[in-house]
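The data block below is coords25.cif; it holds mmCIF, C-alpha atoms.
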```cif
data_upload
loop_
_atom_site.label_atom_id
_atom_site.label_comp_id
_atom_site.auth_asym_id
_atom_site.auth_seq_id
_atom_site.Cartn_x
_atom_site.Cartn_y
_atom_site.Cartn_z
CA MET A 1 -38.39 3.25 -3.59
CA ILE A 2 -35.94 2.42 -0.80
CA THR A 3 -34.68 5.42 1.18
CA LYS A 4 -30.92 5.23 1.59
CA LYS A 5 -29.24 5.71 4.95
CA LYS A 6 -27.06 8.80 5.09
CA ILE A 7 -23.37 8.58 6.00
CA VAL A 8 -21.05 11.57 6.51
CA TYR A 9 -17.28 11.02 6.57
CA PRO A 10 -14.59 13.68 7.15
CA LEU A 11 -11.52 13.27 4.92
CA ALA A 12 -8.51 15.27 6.09
CA LEU A 13 -5.40 13.78 4.45
CA ILE A 14 -6.02 14.78 0.86
CA ASP A 15 -2.40 15.85 0.29
CA ARG A 16 -1.16 12.31 0.99
CA ILE A 17 -2.27 10.38 -2.08
CA GLY A 18 -2.04 6.95 -0.48
CA GLU A 19 -3.99 7.92 2.63
CA MET A 20 -6.65 9.71 0.61
CA VAL A 21 -7.22 6.79 -1.75
CA ARG A 22 -7.03 4.16 1.00
CA GLN A 23 -9.63 5.86 3.19
CA ILE A 24 -12.14 6.34 0.40
CA PHE A 25 -11.60 2.79 -0.87
CA HIS A 26 -12.24 1.42 2.62
CA LEU A 27 -15.22 3.70 3.17
CA ARG A 28 -16.93 2.77 -0.09
CA ASN A 29 -16.52 -0.91 0.68
CA LEU A 30 -17.70 -0.68 4.26
CA TYR A 31 -20.83 1.25 3.31
CA ASP A 32 -22.52 -0.24 0.25
CA GLU A 33 -23.67 2.59 -1.99
CA ASN A 34 -26.84 0.66 -2.81
CA ILE A 35 -27.79 1.09 0.85
CA TYR A 36 -25.98 4.27 1.94
CA ASP A 37 -25.86 7.78 0.56
CA ILE A 38 -22.28 8.84 1.36
CA THR A 39 -21.21 12.43 1.87
CA VAL A 40 -17.51 13.21 2.24
CA VAL A 41 -16.55 16.45 3.95
CA THR A 42 -13.03 17.47 3.00
CA PHE A 43 -10.74 20.39 2.30
CA PRO A 44 -11.05 22.12 -1.08
CA PRO A 45 -8.39 20.46 -3.24
CA HIS A 46 -6.76 23.79 -4.13
CA SER A 47 -6.20 24.53 -0.42
CA MET A 48 -3.43 21.93 -0.20
CA LEU A 49 -0.85 22.32 -2.92
CA ARG A 50 0.34 18.71 -2.92
CA THR A 51 -3.11 17.24 -3.49
CA ASN A 52 -3.25 15.04 -6.58
CA LYS A 53 -6.34 16.59 -8.14
CA ALA A 54 -6.84 13.77 -10.67
CA ALA A 55 -6.84 11.11 -7.95
CA TYR A 56 -9.04 13.33 -5.76
CA ASP A 57 -11.66 13.64 -8.51
CA LEU A 58 -11.53 9.97 -9.45
CA VAL A 59 -11.90 8.43 -5.98
CA LEU A 60 -14.65 10.86 -4.94
CA ARG A 61 -16.57 10.46 -8.18
CA GLY A 62 -20.17 9.47 -7.49
CA LEU A 63 -20.16 10.72 -3.89
CA THR A 64 -21.61 13.90 -2.47
CA VAL A 65 -18.71 16.16 -1.49
CA GLY A 66 -18.79 19.06 0.94
CA HIS A 67 -15.87 21.33 1.79
CA SER A 68 -14.51 22.68 5.06
CA THR A 69 -11.59 25.02 5.65
CA ASP A 70 -11.46 24.38 9.41
CA PRO A 71 -8.49 22.07 10.14
CA LYS A 72 -9.36 21.79 13.85
CA PHE A 73 -12.77 20.40 12.98
CA MET A 74 -11.41 18.02 10.37
CA TRP A 75 -8.71 16.54 12.60
CA ALA A 76 -11.01 16.38 15.62
CA CYS A 77 -13.20 14.03 13.59
CA HIS A 78 -10.26 11.60 13.38
CA SER A 79 -9.26 11.78 17.04
CA HIS A 80 -11.84 9.35 18.38
CA LYS A 81 -10.25 6.36 20.09
CA ASP A 82 -13.55 4.53 20.13
CA ASN A 83 -15.04 3.82 16.75
CA SER A 84 -17.20 5.78 15.64
CA VAL A 85 -20.49 5.89 13.98
CA GLN A 86 -22.51 8.57 15.72
CA ILE A 87 -26.17 8.82 14.76
CA GLN A 88 -27.84 12.21 14.78
CA GLY A 89 -31.37 12.12 13.46
CA ASP A 90 -31.33 10.24 10.16
CA ILE A 91 -27.61 10.90 9.51
CA SER A 92 -24.72 8.72 10.69
CA TYR A 93 -21.34 10.45 11.14
CA VAL A 94 -18.33 8.17 10.78
CA PHE A 95 -15.88 9.67 13.30
CA THR A 96 -12.97 7.30 13.68
CA ARG A 97 -9.21 7.07 13.77
CA LEU A 98 -7.73 6.38 10.34
CA ASP A 99 -6.26 3.05 11.43
CA LYS A 100 -9.59 1.90 12.83
CA LEU A 101 -11.35 2.47 9.51
CA GLN A 102 -8.64 0.28 8.01
CA THR A 103 -9.14 -2.38 10.69
CA MET A 104 -12.89 -2.42 10.06
CA PHE A 105 -12.21 -2.96 6.36
CA PHE A 106 -9.66 -5.74 6.94
CA GLU A 107 -11.97 -7.58 9.31
CA LYS A 108 -14.96 -7.37 6.94
CA PHE A 109 -13.11 -8.44 3.79
CA GLN A 110 -10.50 -10.88 5.03
CA ASN A 111 -12.44 -13.79 3.53
CA LYS A 112 -14.14 -12.15 0.58
CA LYS A 113 -13.52 -9.76 -2.27
CA PRO A 114 -14.25 -6.04 -1.92
CA ILE A 115 -17.64 -4.99 -3.25
CA PHE A 116 -16.27 -1.77 -4.75
CA ASN A 117 -13.31 -0.95 -6.99
CA PHE A 118 -12.40 2.29 -8.72
CA LEU A 119 -13.04 2.38 -12.47
CA LEU A 120 -11.80 4.53 -15.34
CA SER A 121 -14.48 6.34 -17.31
CA ASP A 122 -14.46 6.55 -21.10
CA SER A 123 -13.04 10.07 -20.88
CA ASP A 124 -10.35 8.78 -18.47
CA ILE A 125 -9.37 6.14 -21.02
CA ASP A 126 -9.16 8.74 -23.78
CA LYS A 127 -7.05 11.01 -21.59
CA GLY A 128 -4.81 8.05 -20.69
CA SER A 129 -4.32 7.13 -24.34
CA GLN A 130 -3.11 10.67 -25.01
CA LEU A 131 -0.81 10.45 -21.99
CA CYS A 132 0.71 7.22 -23.36
CA ALA A 133 1.26 8.94 -26.70
CA ASN A 134 2.95 11.86 -24.94
CA PHE A 135 5.25 9.39 -23.16
CA ASN A 136 5.90 7.51 -26.44
CA ILE A 137 4.46 4.31 -24.99
CA PRO A 138 3.23 2.09 -27.87
CA LYS A 139 -0.27 0.67 -27.81
CA PHE A 140 -0.81 -2.77 -26.28
CA VAL A 141 2.60 -3.08 -24.60
CA PRO A 142 2.53 -4.36 -20.99
CA ILE A 143 3.18 -1.72 -18.34
CA VAL A 144 4.54 -1.97 -14.81
CA THR A 145 4.45 0.91 -12.34
CA LEU A 146 7.25 1.51 -9.86
CA HIS A 147 7.45 3.51 -6.64
CA VAL A 148 10.43 3.56 -4.27
CA ARG A 149 10.08 5.64 -1.13
CA GLU A 150 12.59 8.38 -0.31
CA SER A 151 12.45 11.08 2.39
CA GLY A 152 12.23 14.11 0.13
CA TYR A 153 8.43 14.34 0.06
CA LEU A 154 7.84 14.35 3.81
CA GLY A 155 11.33 14.98 5.18
CA ASP A 156 10.33 12.69 8.04
CA SER A 157 12.09 10.61 10.66
CA HIS A 158 11.14 7.31 9.06
CA ALA A 159 14.20 6.55 6.97
CA HIS A 160 13.77 2.86 7.83
CA ARG A 161 10.90 2.93 5.31
CA ASN A 162 13.13 4.17 2.46
CA ALA A 163 15.01 2.26 -0.22
CA SER A 164 17.54 2.93 -2.94
CA ILE A 165 16.33 3.03 -6.53
CA ASP A 166 19.74 1.69 -7.62
CA ASN A 167 18.86 -1.75 -6.23
CA TYR A 168 15.95 -1.95 -8.68
CA ILE A 169 17.99 -1.52 -11.84
CA PRO A 170 18.51 -5.25 -12.58
CA ALA A 171 14.73 -5.78 -12.22
CA ILE A 172 14.06 -2.81 -14.51
CA ASN A 173 16.43 -4.23 -17.12
CA TYR A 174 14.70 -7.62 -16.88
CA LEU A 175 11.28 -6.05 -17.45
CA ILE A 176 12.54 -4.06 -20.43
CA ASN A 177 14.00 -7.23 -21.96
CA GLU A 178 10.60 -8.87 -21.47
CA GLY A 179 8.91 -6.11 -23.49
CA PHE A 180 7.55 -3.98 -20.63
CA TYR A 181 7.43 -0.23 -20.24
CA ILE A 182 8.00 0.98 -16.68
CA VAL A 183 6.37 4.13 -15.30
CA ARG A 184 8.03 5.41 -12.17
CA PHE A 185 5.93 7.36 -9.65
CA GLY A 186 7.23 9.94 -7.21
CA ASP A 187 8.20 13.60 -7.07
CA LYS A 188 11.11 15.78 -8.12
CA SER A 189 12.89 15.40 -4.78
CA MET A 190 13.74 11.81 -5.72
CA LYS A 191 16.96 10.59 -7.26
CA ARG A 192 16.66 11.09 -11.00
CA PHE A 193 17.62 8.52 -13.62
CA VAL A 194 20.38 9.75 -15.92
CA ASN A 195 19.54 9.14 -19.59
CA PRO A 196 16.99 6.39 -18.94
CA PRO A 197 16.05 4.09 -21.83
CA PRO A 198 12.81 5.01 -23.62
CA GLN A 199 11.03 2.07 -21.95
CA LEU A 200 11.60 3.67 -18.51
CA ILE A 201 9.37 6.70 -17.96
CA ASP A 202 10.77 8.68 -15.03
CA ALA A 203 7.39 10.37 -14.72
CA PRO A 204 8.06 13.15 -12.15
CA PHE A 205 10.80 14.55 -14.39
CA HIS A 206 9.05 14.06 -17.72
CA PRO A 207 7.86 17.27 -19.42
CA GLU A 208 4.48 15.65 -20.15
CA TYR A 209 3.83 14.65 -16.52
CA THR A 210 0.37 15.39 -15.12
CA ASP A 211 -1.25 14.28 -11.89
CA PHE A 212 -3.31 11.81 -13.92
CA VAL A 213 -0.20 9.60 -14.22
CA GLU A 214 -0.67 7.85 -10.88
CA PRO A 215 -4.34 6.86 -11.13
CA TYR A 216 -4.26 6.02 -14.85
CA PHE A 217 -1.17 3.84 -14.94
CA SER A 218 -2.13 2.17 -11.64
CA ALA A 219 -5.35 1.12 -13.34
CA VAL A 220 -3.89 -0.19 -16.63
CA SER A 221 -0.59 -1.78 -15.53
CA LYS A 222 -0.08 -5.53 -15.46
CA PHE A 223 1.18 -5.12 -11.91
CA GLY A 224 2.71 -2.49 -9.68
CA ILE A 225 5.96 -2.56 -7.74
CA GLY A 226 5.55 -0.63 -4.50
CA CYS A 227 7.10 -0.33 -1.09
CA GLY A 228 4.16 -0.13 1.29
CA ALA A 229 3.81 3.63 0.88
CA GLY A 230 2.50 6.38 -1.37
CA PRO A 231 0.58 5.20 -4.44
CA ASP A 232 0.24 1.51 -3.43
CA PRO A 233 -3.43 1.89 -2.36
CA ILE A 234 -4.33 3.11 -5.85
CA ALA A 235 -3.37 -0.29 -7.27
CA ASN A 236 -5.40 -1.95 -4.50
CA GLY A 237 -8.37 0.26 -5.32
CA PHE A 238 -8.31 -0.71 -9.00
CA GLY A 239 -7.68 -4.39 -8.24
CA THR A 240 -4.27 -4.26 -9.93
CA PRO A 241 -1.83 -6.91 -8.61
CA LEU A 242 0.90 -5.45 -6.43
CA LEU A 243 4.41 -6.58 -5.56
CA VAL A 244 5.49 -4.82 -2.37
CA VAL A 245 9.29 -4.77 -2.07
CA ASN A 246 11.14 -3.57 1.04
CA GLN A 247 7.95 -4.13 3.01
CA LEU A 248 8.20 -3.39 6.72
CA MET A 249 7.29 -6.42 8.79
CA PHE A 250 4.84 -4.49 10.96
CA ALA A 251 3.12 -2.53 8.18
CA PRO A 252 -0.52 -3.10 7.23
CA MET A 253 -0.87 -5.05 4.01
CA PHE A 254 -4.14 -5.28 2.17
CA GLY A 255 -3.98 -7.67 -0.72
CA THR A 256 -5.35 -10.63 -2.59
CA GLU A 257 -3.69 -13.98 -3.31
CA LYS A 258 -2.23 -12.36 -6.45
CA ASP A 259 -0.26 -9.83 -4.41
CA LEU A 260 3.24 -10.56 -3.10
CA PHE A 261 5.47 -8.97 -0.49
CA VAL A 262 9.21 -9.06 0.08
CA PRO A 263 10.06 -7.95 3.62
CA LYS A 264 13.05 -5.97 4.70
CA LYS A 265 15.24 -8.04 6.99
CA ILE A 266 16.06 -6.95 10.52
CA TYR A 267 19.65 -7.13 11.72
CA SER A 268 20.35 -7.26 15.46
CA HIS A 269 23.66 -5.64 16.38
CA LYS A 270 23.46 -7.25 19.82
CA LEU A 271 22.99 -10.78 18.47
CA ARG A 272 25.12 -10.10 15.38
CA ARG A 273 22.66 -11.82 13.08
CA TYR A 274 19.37 -11.34 11.29
CA LEU A 275 16.22 -11.88 13.31
CA THR A 276 13.64 -14.36 12.15
CA TYR A 277 10.20 -13.06 11.24
CA GLU A 278 8.78 -14.41 14.48
CA GLU A 279 11.57 -13.00 16.65
CA PHE A 280 10.98 -9.50 15.36
CA ILE A 281 7.19 -9.31 15.33
CA LEU A 282 6.94 -10.87 18.80
CA SER A 283 9.28 -8.21 20.19
CA PRO A 284 8.53 -4.67 21.43
CA ALA A 285 10.16 -3.35 18.24
CA VAL A 286 7.06 -4.31 16.26
CA ASN A 287 5.45 -1.18 17.74
CA PHE A 288 8.29 1.20 16.86
CA PHE A 289 7.61 3.88 14.24
CA GLU A 290 10.66 6.14 14.42
CA ASP A 291 14.28 5.62 13.40
CA ARG A 292 15.44 6.65 16.88
CA LEU A 293 13.61 3.79 18.59
CA PHE A 294 15.15 1.16 16.33
CA GLN A 295 18.60 2.64 16.86
CA GLU A 296 18.19 2.63 20.63
CA ALA A 297 17.11 -1.03 20.50
CA GLY A 298 20.15 -1.97 18.42
CA VAL A 299 18.17 -3.25 15.42
CA GLU A 300 18.49 -2.13 11.83
CA HIS A 301 16.33 -2.53 8.74
CA ARG A 302 18.30 -3.85 5.79
CA GLU A 303 17.06 -3.16 2.27
CA ASN A 304 16.31 -5.94 -0.13
CA SER A 305 19.23 -6.73 -2.38
CA SER A 306 19.19 -6.30 -6.14
CA GLU A 307 19.00 -10.08 -6.49
CA GLU A 308 16.05 -10.38 -4.08
CA ILE A 309 14.16 -7.68 -5.98
CA LEU A 310 14.97 -9.15 -9.39
CA MET A 311 13.88 -12.65 -8.43
CA ALA A 312 10.67 -11.39 -6.83
CA VAL A 313 9.80 -9.44 -10.01
CA LYS A 314 10.45 -12.55 -12.11
CA GLU A 315 8.27 -14.58 -9.76
CA MET A 316 5.45 -12.02 -9.87
CA ASN A 317 5.45 -11.97 -13.66
CA ALA A 318 5.55 -15.76 -13.90
CA ARG A 319 2.77 -16.23 -11.36
CA LEU A 320 0.48 -13.80 -13.16
CA ASP A 321 1.18 -15.69 -16.41
CA GLY A 322 0.46 -19.00 -14.67
CA VAL A 323 3.92 -20.42 -15.40
CA TYR A 324 5.65 -20.18 -12.01
CA SER A 325 7.37 -23.51 -11.46
CA MET A 326 6.98 -24.02 -7.70
CA PRO A 327 4.21 -26.50 -6.76
CA GLN A 328 1.10 -24.82 -5.37
CA GLU A 329 1.06 -27.20 -2.41
CA GLU A 330 4.46 -25.94 -1.30
CA ILE A 331 3.45 -22.30 -1.80
CA THR A 332 0.34 -22.87 0.30
CA LYS A 333 2.29 -24.58 3.06
CA ILE A 334 4.82 -21.75 3.36
CA ASN A 335 2.14 -19.08 3.41
CA GLN A 336 0.25 -21.00 6.09
CA ARG A 337 3.41 -20.79 8.22
CA VAL A 338 3.53 -17.05 7.59
CA LYS A 339 -0.09 -16.69 8.72
CA ILE A 340 0.58 -18.67 11.89
CA ILE A 341 3.44 -16.32 12.76
CA GLN A 342 1.33 -13.27 11.96
CA SER A 343 -1.53 -14.55 14.10
CA LYS A 344 0.88 -14.86 17.02
CA ALA A 345 1.81 -11.22 16.58
CA HIS A 346 -1.87 -10.31 16.45
CA TYR A 347 -2.53 -11.88 19.86
CA TYR A 348 0.80 -10.71 21.28
CA ARG A 349 -0.15 -7.13 20.47
CA LYS A 350 -3.62 -7.59 21.91
CA CYS A 351 -2.38 -9.07 25.20
CA THR A 352 0.90 -7.34 25.98
CA ILE A 353 1.34 -3.87 24.56
CA ASP A 354 0.63 -0.55 26.23
CA PRO A 355 -3.15 0.12 26.26
CA ASN A 356 -2.62 3.52 24.63
CA VAL A 357 -0.77 1.89 21.75
CA PHE A 358 -3.39 -0.83 21.51
CA ALA A 359 -6.13 1.81 21.27
CA SER A 360 -4.45 3.16 18.15
CA PHE A 361 -3.35 -0.12 16.57
CA PRO A 362 -5.71 -2.84 17.80
CA VAL A 363 -4.59 -5.60 15.45
CA TYR A 364 -1.46 -6.77 13.73
CA ALA A 365 -2.92 -6.00 10.32
CA PRO A 366 -0.95 -8.44 8.10
CA TYR A 367 -2.76 -11.22 9.97
CA LEU A 368 -5.93 -10.20 8.10
CA SER A 369 -4.38 -9.90 4.64
CA LYS A 370 -4.34 -12.53 1.90
CA MET A 371 -1.13 -11.11 0.43
CA GLN A 372 1.51 -13.84 0.06
CA ILE A 373 5.22 -13.82 0.76
CA SER A 374 7.61 -14.16 -2.18
CA MET A 375 8.78 -17.74 -2.60
CA GLU A 376 12.01 -16.54 -4.19
CA PHE A 377 12.75 -14.47 -1.10
CA ILE A 378 12.20 -17.53 1.08
CA LYS A 379 14.52 -19.59 -1.12
CA MET A 380 17.26 -16.99 -0.67
CA ASN A 381 16.57 -16.59 3.07
CA PRO A 382 15.77 -20.10 4.36
CA ASP A 383 16.18 -19.06 8.02
CA PHE A 384 13.70 -16.17 7.79
CA LEU A 385 10.71 -18.20 8.99
CA GLY A 386 12.72 -20.03 11.66
CA HIS A 387 11.95 -23.63 12.48
CA GLU A 388 8.54 -25.25 12.22
CA TRP A 389 6.80 -25.65 15.54
CA PRO A 390 5.20 -29.06 16.20
CA MET A 391 1.45 -29.04 15.75
#
```
Re-express the file's structure as structure tokens.
Amino acid sequence: MITKKKIVYPLALIDRIGEMVRQIFHLRNLYDENIYDITVVTFPPHSMLRTNKAAYDLVLRGLTVGHSTDPKFMWACHSHKDNSVQIQGDISYVFTRLDKLQTMFFEKFQNKKPIFNFLLSDSDIDKGSQLCANFNIPKFVPIVTLHVRESGYLGDSHAHRNASIDNYIPAINYLINEGFYIVRFGDKSMKRFVNPPPQLIDAPFHPEYTDFVEPYFSAVSKFGIGCGAGPDPIANGFGTPLLVVNQLMFAPMFGTEKDLFVPKKIYSHKLRRYLTYEEFILSPAVNFFEDRLFQEAGVEHRENSSEEILMAVKEMNARLDGVYSMPQEEITKINQRVKIIQSKAHYYRKCTIDPNVFASFPVYAPYLSKMQISMEFIKMNPDFLGHEWPM
């Protein structure tokens, strides 16, 4: 019998569903459970009121879980600038910044599939079937999940990450006409749909809502529509294709070739025009994280239009059905250009930014992702990638 190596990982952000799921997904892929016995030390789920208990139970299933009520200890474990794994006796403690765990994952799996995905149990499937019945979702209909970030949950200073649900209505109507049911994720601080059609489940406001909505529908949907925040990592963890709309150009993006992103455009008030992808991510603004910094630099994030969102949703559906009309050679060529631009940003960040910033964000993460840019977005924004540089 092979003795497994012991790993202990502190998990602090359990009340942020995306961070919680992302960290455990990365951890379970970095440390193969055939080799490692993983213990997660975390807060008791009832100690943080916004913890999604269903997601908490599902992602930690199969691991040894210990609890701590000492926030200073928990956050100190994530304050290490240097990665890392500290060995004490026969136990390895993974003390690392959250972004470095993500970087480790991206670097290990940039050219191969993850070894671990979350799975629904038989009891999960039964519970999900009852949830569908409670939502009046017929059996065997295709489902799409939808999440659009607003500031109500965190009340933060990152409004550049937000988007308006109104711009998604044409895409929602298209999906309904195609026979889909749409399950919207979020919380009750979000803008509520008024008299939505029965095919649109505005889950946070539905009387049958439970915290099992996010993990279950992320697992069984044909694809998810996200915005680079909140529940997106749940789809990643289940291997569900994801269309990320209103994606920030500097945000980390884990994904496969099936996943698409539609970036927000950046308008320069000084130049009085939109910046190209390369202009923005090779500028100091790629390291900004607060609204104030963008405002001081005279640049503004512009949301994707209703038409851009609609066409990207149509493209996503067609590509998953294998009927998208654009030649694969052309798709590959455009995405190769995107990767070249992203690789420049990767080395720009490594060579030029403040060492303290580099210690926290050592790579330009999209460089390591296989997620592809929407071809329909490129068609509508032919100047976005700028000109082709001679090889």
- Message: Given the PyMOL selection byres ((chain A and resi 308-318) around 8) and the file above, list the residues it selects as a PyMOL selection string.
- Response: chain A and resi 167-168+170-171+174+243+245+260+262+304-307+319-324+374-377+380
- Query: For the file shown, what are the residues hit by the PyMOL selection byres ((chain A and resi 54) around 10), laid out as number ranges by chain?
  - Reply: A: 51-53, 55-59, 124, 210-216
I need the residues from that last selection saved to file as a compact mmCIF listing (two decimals), keeping the file's coordinate frame (with C-alpha atoms), if you can.
```txt
# COMPACT_ATOMS: atom_id res chain seq x y z
CA THR A 51 -3.11 17.24 -3.49
CA ASN A 52 -3.25 15.04 -6.58
CA LYS A 53 -6.34 16.59 -8.14
CA ALA A 55 -6.84 11.11 -7.95
CA TYR A 56 -9.04 13.33 -5.76
CA ASP A 57 -11.66 13.64 -8.51
CA LEU A 58 -11.53 9.97 -9.45
CA VAL A 59 -11.90 8.43 -5.98
CA ASP A 124 -10.35 8.78 -18.47
CA THR A 210 0.37 15.39 -15.12
CA ASP A 211 -1.25 14.28 -11.89
CA PHE A 212 -3.31 11.81 -13.92
CA VAL A 213 -0.20 9.60 -14.22
CA GLU A 214 -0.67 7.85 -10.88
CA PRO A 215 -4.34 6.86 -11.13
CA TYR A 216 -4.26 6.02 -14.85
```
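Among the candidates A:Tyr347, A:Phe105, A:Tyr93, A:Phe73, the residue lying nearest to Ile7 (chain A) is A:Tyr93 (atoms considered: only C-alpha atoms).
For the choices A:Glu107, A:Asp156, A:Asp70, A:Glu33, the atom-to-atom distance to Pro366 (chain A) is smallest for A:Glu107 when using only C-alpha atoms.
Considering all atoms listed in the file, the residue among A:Arg302, A:Ile266, A:Met371, A:Ser47 positioned nearest to Phe384 (chain A) is A:Ile266.
Straight-line separation from CA of Ile169 (chain A) to CA of Gly226 (chain A): 14.5 Å.
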Applied to the shown file, which residues does the PyMOL selection byres ((chain A and resi 273) around 12) return, written as a PDB file with C-alpha atoms, keeping the file's coordinate frame?
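Saved result, result_2.pdb, follows:
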```pdb
ATOM      1  CA  LYS A 265      15.240  -8.040   6.990  1.00  0.00           C
ATOM      2  CA  ILE A 266      16.060  -6.950  10.520  1.00  0.00           C
ATOM      3  CA  TYR A 267      19.650  -7.130  11.720  1.00  0.00           C
ATOM      4  CA  SER A 268      20.350  -7.260  15.460  1.00  0.00           C
ATOM      5  CA  HIS A 269      23.660  -5.640  16.380  1.00  0.00           C
ATOM      6  CA  LYS A 270      23.460  -7.250  19.820  1.00  0.00           C
ATOM      7  CA  LEU A 271      22.990 -10.780  18.470  1.00  0.00           C
ATOM      8  CA  ARG A 272      25.120 -10.100  15.380  1.00  0.00           C
ATOM      9  CA  TYR A 274      19.370 -11.340  11.290  1.00  0.00           C
ATOM     10  CA  LEU A 275      16.220 -11.880  13.310  1.00  0.00           C
ATOM     11  CA  THR A 276      13.640 -14.360  12.150  1.00  0.00           C
ATOM     12  CA  GLU A 279      11.570 -13.000  16.650  1.00  0.00           C
ATOM     13  CA  GLY A 298      20.150  -1.970  18.420  1.00  0.00           C
ATOM     14  CA  VAL A 299      18.170  -3.250  15.420  1.00  0.00           C
ATOM     15  CA  GLU A 300      18.490  -2.130  11.830  1.00  0.00           C
ATOM     16  CA  ARG A 302      18.300  -3.850   5.790  1.00  0.00           C
ATOM     17  CA  ASP A 383      16.180 -19.060   8.020  1.00  0.00           C
ATOM     18  CA  PHE A 384      13.700 -16.170   7.790  1.00  0.00           C
TER      19      PHE A 384
END
```
Against region 24-29 of chain A, which residues of region 208-259 of chain A fall within 9 Å? For each one I want the closest pair of atoms and the distance in Å (one decimal), counting only C-alpha atoms, rows by chain and increasing residue number, as a Markdown table.
```
| residue | atom | partner | partner_atom | distance |
| --- | --- | --- | --- | --- |
| A:Pro233 | CA | A:Phe25 | CA | 8.4 |
| A:Ile234 | CA | A:Phe25 | CA | 8.8 |
| A:Asn236 | CA | A:Phe25 | CA | 8.6 |
| A:Gly237 | CA | A:Phe25 | CA | 6.1 |
```
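Interatomic distance, CA of Phe217 (chain A) to CA of Lys112 (chain A): 25.8 Å.
Note that the spacing between CA of Gln23 (chain A) and CA of Leu119 (chain A) amounts to 16.4 Å.
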- Which polymer residues have any atom within 12 Å of an atom of Ile334 (chain A), counting only C-alpha atoms, with same-chain residues fewer than 6 positions away left out, as an NGL selection string? :A and (326-328 or 340-341 or 372-379 or 382 or 384-388)
Output file for the selection above: C-alpha atoms, as a compact mmCIF listing (two decimals), in the frame of the given file:
```txt
# COMPACT_ATOMS: atom_id res chain seq x y z
CA MET A 326 6.98 -24.02 -7.70
CA PRO A 327 4.21 -26.50 -6.76
CA GLN A 328 1.10 -24.82 -5.37
CA ILE A 340 0.58 -18.67 11.89
CA ILE A 341 3.44 -16.32 12.76
CA GLN A 372 1.51 -13.84 0.06
CA ILE A 373 5.22 -13.82 0.76
CA SER A 374 7.61 -14.16 -2.18
CA MET A 375 8.78 -17.74 -2.60
CA GLU A 376 12.01 -16.54 -4.19
CA PHE A 377 12.75 -14.47 -1.10
CA ILE A 378 12.20 -17.53 1.08
CA LYS A 379 14.52 -19.59 -1.12
CA PRO A 382 15.77 -20.10 4.36
CA PHE A 384 13.70 -16.17 7.79
CA LEU A 385 10.71 -18.20 8.99
CA GLY A 386 12.72 -20.03 11.66
CA HIS A 387 11.95 -23.63 12.48
CA GLU A 388 8.54 -25.25 12.22
```
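Nearest to Met74 (chain A) of all the residues A:Val41, A:Ile35, A:Leu120, A:Ile14 is A:Val41, based on only C-alpha atoms.
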My structure is short of atoms at region 309-320 of chain A; please model N, CA and C atoms there, returning them as a PDB file, in the frame of the given file.
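Generated file (selection24.pdb):
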```
ATOM      1  N   ILE A 309      15.175  -8.426  -5.233  1.00  0.00           N
ATOM      2  CA  ILE A 309      14.160  -7.680  -5.980  1.00  0.00           C
ATOM      3  C   ILE A 309      13.964  -8.273  -7.367  1.00  0.00           C
ATOM      4  N   LEU A 310      15.052  -8.569  -8.043  1.00  0.00           N
ATOM      5  CA  LEU A 310      14.970  -9.150  -9.390  1.00  0.00           C
ATOM      6  C   LEU A 310      14.195 -10.453  -9.376  1.00  0.00           C
ATOM      7  N   MET A 311      14.534 -11.338  -8.453  1.00  0.00           N
ATOM      8  CA  MET A 311      13.880 -12.650  -8.430  1.00  0.00           C
ATOM      9  C   MET A 311      12.405 -12.533  -8.051  1.00  0.00           C
ATOM     10  N   ALA A 312      12.076 -11.591  -7.186  1.00  0.00           N
ATOM     11  CA  ALA A 312      10.670 -11.390  -6.830  1.00  0.00           C
ATOM     12  C   ALA A 312       9.875 -10.864  -8.025  1.00  0.00           C
ATOM     13  N   VAL A 313      10.471  -9.962  -8.809  1.00  0.00           N
ATOM     14  CA  VAL A 313       9.800  -9.440 -10.010  1.00  0.00           C
ATOM     15  C   VAL A 313       9.600 -10.562 -11.022  1.00  0.00           C
ATOM     16  N   LYS A 314      10.610 -11.409 -11.200  1.00  0.00           N
ATOM     17  CA  LYS A 314      10.450 -12.550 -12.110  1.00  0.00           C
ATOM     18  C   LYS A 314       9.333 -13.475 -11.618  1.00  0.00           C
ATOM     19  N   GLU A 315       9.311 -13.718 -10.324  1.00  0.00           N
ATOM     20  CA  GLU A 315       8.270 -14.580  -9.760  1.00  0.00           C
ATOM     21  C   GLU A 315       6.886 -13.979  -9.973  1.00  0.00           C
ATOM     22  N   MET A 316       6.750 -12.684  -9.710  1.00  0.00           N
ATOM     23  CA  MET A 316       5.450 -12.020  -9.870  1.00  0.00           C
ATOM     24  C   MET A 316       4.959 -12.149 -11.304  1.00  0.00           C
ATOM     25  N   ASN A 317       5.835 -11.883 -12.258  1.00  0.00           N
ATOM     26  CA  ASN A 317       5.450 -11.970 -13.660  1.00  0.00           C
ATOM     27  C   ASN A 317       5.060 -13.389 -14.043  1.00  0.00           C
ATOM     28  N   ALA A 318       5.835 -14.355 -13.575  1.00  0.00           N
ATOM     29  CA  ALA A 318       5.550 -15.760 -13.900  1.00  0.00           C
ATOM     30  C   ALA A 318       4.247 -16.220 -13.260  1.00  0.00           C
ATOM     31  N   ARG A 319       4.002 -15.802 -12.034  1.00  0.00           N
ATOM     32  CA  ARG A 319       2.770 -16.230 -11.360  1.00  0.00           C
ATOM     33  C   ARG A 319       1.539 -15.651 -12.040  1.00  0.00           C
ATOM     34  N   LEU A 320       1.625 -14.396 -12.472  1.00  0.00           N
ATOM     35  CA  LEU A 320       0.480 -13.800 -13.160  1.00  0.00           C
ATOM     36  C   LEU A 320       0.246 -14.461 -14.520  1.00  0.00           C
TER      37      LEU A 320
END
```
